[in-house]
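Asks: Before I ask anything, here is the structure I am working with.
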Amino acid sequence: MLKFALVSALLGLCLATVQNVERVVQNYDDEVNNKIVQQIQYELKASYMYQAYSHYFGRADVALPGFAKWFEKASLEERQHATGLIEYINKRGGTVSLSILNFNNMCTTVSTELAKMKEFERSLTCICIFMSTQKEGPPSDNKPSCPERSTWQNGLWAMQDTLILERFVNNELLNLHKLAGVKKDPHLSHILEHDYLDEQVNSISQVANYIRQLERVGDDGLGEYLFDRNLA
């Protein structure tokens, strides 16, 4: 009898919880929810990658504290984006299920997009690969590999990788915004336009300017050092 009463109470609690969620849900499509969850994963992966880059620039054999601080801040901003989307799903009565973050996959994604930017004359995110494997490039002789680390243009390459990643994340946000339009979800469109897309455009512009400045200072080390001091 006691077991029956306990089971009945639990079922009643579950039913009440479901009913409470249903009170919140309005004009919120499951496909939209799943796409937002996917965007959360992208934001978290970007945060993870920027955190790795921050640690890279903090290494004793790199020692560029300005870059380390900048990427630490960038990592925090991406986590805040992910947190904001999680809170948004909760407000709309949706569900969040997060999967494992694969850092190597993110390196591959950025390398793929990097290869499309012919002006950068690189097809590998060497810093990303190094931070995920502690090796300078793929072990196979049949694949392109990174040069010796002593020749790396650390600051320039990192900002180029960042531009690629920011453009990728922005493109996924645009796809989400497009889906919101198809599903006639004006509230999501408003949130994306005011809280995410505007910031992405500003970020892409800032990083592109950094790249041009780093291209101007060359690879003699002194210019990169002075640029790093301005970032700190």
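Starting from 1 in every chain, residues are counted up; chains themselves are A, B, ... following the order of the structure tokens, and ligands are numbered from 1 as listed.
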What residues in segment 9-232 of chain A get the DSSP label alpha helix (DSSP H)? Please answer as a PyMOL selection string.
Replies: chain A and resi 9-24+30-58+65-92+103-116+126-133+154-182+186-192+198-217+222-231
Asks: Hey, could you make a per-residue contact list for segment 156-186 of chain A against segment 31-53 of chain A with 8 Å as the cut-off, showing the nearest pair of atoms and its distance in Å to one decimal, counting only C-alpha atoms, sorted by chain and number, as JSON lines?
Replies:
{"residue": "A:Ala158", "atom": "CA", "partner": "A:Tyr53", "partner_atom": "CA", "distance": 7.6}
{"residue": "A:Leu165", "atom": "CA", "partner": "A:Ala46", "partner_atom": "CA", "distance": 7.2}
{"residue": "A:Val169", "atom": "CA", "partner": "A:Tyr42", "partner_atom": "CA", "distance": 6.7}
{"residue": "A:Glu172", "atom": "CA", "partner": "A:Gln39", "partner_atom": "CA", "distance": 7.0}
{"residue": "A:Leu173", "atom": "CA", "partner": "A:Gln39", "partner_atom": "CA", "distance": 7.2}
{"residue": "A:Leu176", "atom": "CA", "partner": "A:Lys35", "partner_atom": "CA", "distance": 6.5}
{"residue": "A:Leu179", "atom": "CA", "partner": "A:Val32", "partner_atom": "CA", "distance": 6.9}
{"residue": "A:Ala180", "atom": "CA", "partner": "A:Val32", "partner_atom": "CA", "distance": 6.8}
{"residue": "A:Lys183", "atom": "CA", "partner": "A:Val32", "partner_atom": "CA", "distance": 7.8}
Asks: Using only C-alpha atoms for the distances, tell me which of A:Gln26, A:Thr162, A:Gln80, A:Gln153 is nearest to Leu222 of chain A.
Replies: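 Comparing A:Gln26, A:Thr162, A:Gln80, A:Gln153 against Leu222 of chain A, the winner is A:Gln153.
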Asks: Write out as a list in words each polymer residue whose atoms come within 12 Å of Ser203 of chain A, counting only C-alpha atoms; drop sequence neighbours fewer than 2 positions from it.
Replies: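 That gives Ala74, Glu77, Glu78, Met159, Thr162, Leu163, Ile164, Leu165, Glu166, Arg167, Val169, Asn170, Tyr196, Leu197, Asp198, Glu199, Gln200, Val201, Ser205, Gln206, Val207, Ala208, Asn209 and Tyr210 of chain A.
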Asks: For segment 106-114 of chain A, find every residue with an atom within 9 Å (counting only C-alpha atoms), except residues of its own chain fewer than 3 positions away, and show them as a count of residues only.
Replies: 25
Asks: Pick from A:Asn154, A:Asn104, A:Thr83, A:Ser99: nearest to Ala63 of chain A, with only C-alpha atoms counted?
Replies: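 Result for the nearest residue to Ala63 of chain A: A:Asn154.
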Asks: Just the number, please: distance in Å from atom CA of Asn105 of chain A to atom CA of Ser145 of chain A, one decimal.
Replies: 16.9 Å
Asks: Calculated over only C-alpha atoms, which of the candidates A:Glu148, A:Pro65, A:Leu85, A:Lys184 has the smallest distance to Phe227 of chain A?
Replies: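 Going through A:Glu148, A:Pro65, A:Leu85, A:Lys184 one by one, the smallest distance to Phe227 of chain A is for A:Pro65.
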Asks: One decimal, Å: what's the distance from atom CA of Asp29 of chain A over to atom CA of Val96 of chain A, could you say?
Replies: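 Those two atoms sit 13.7 Å apart.
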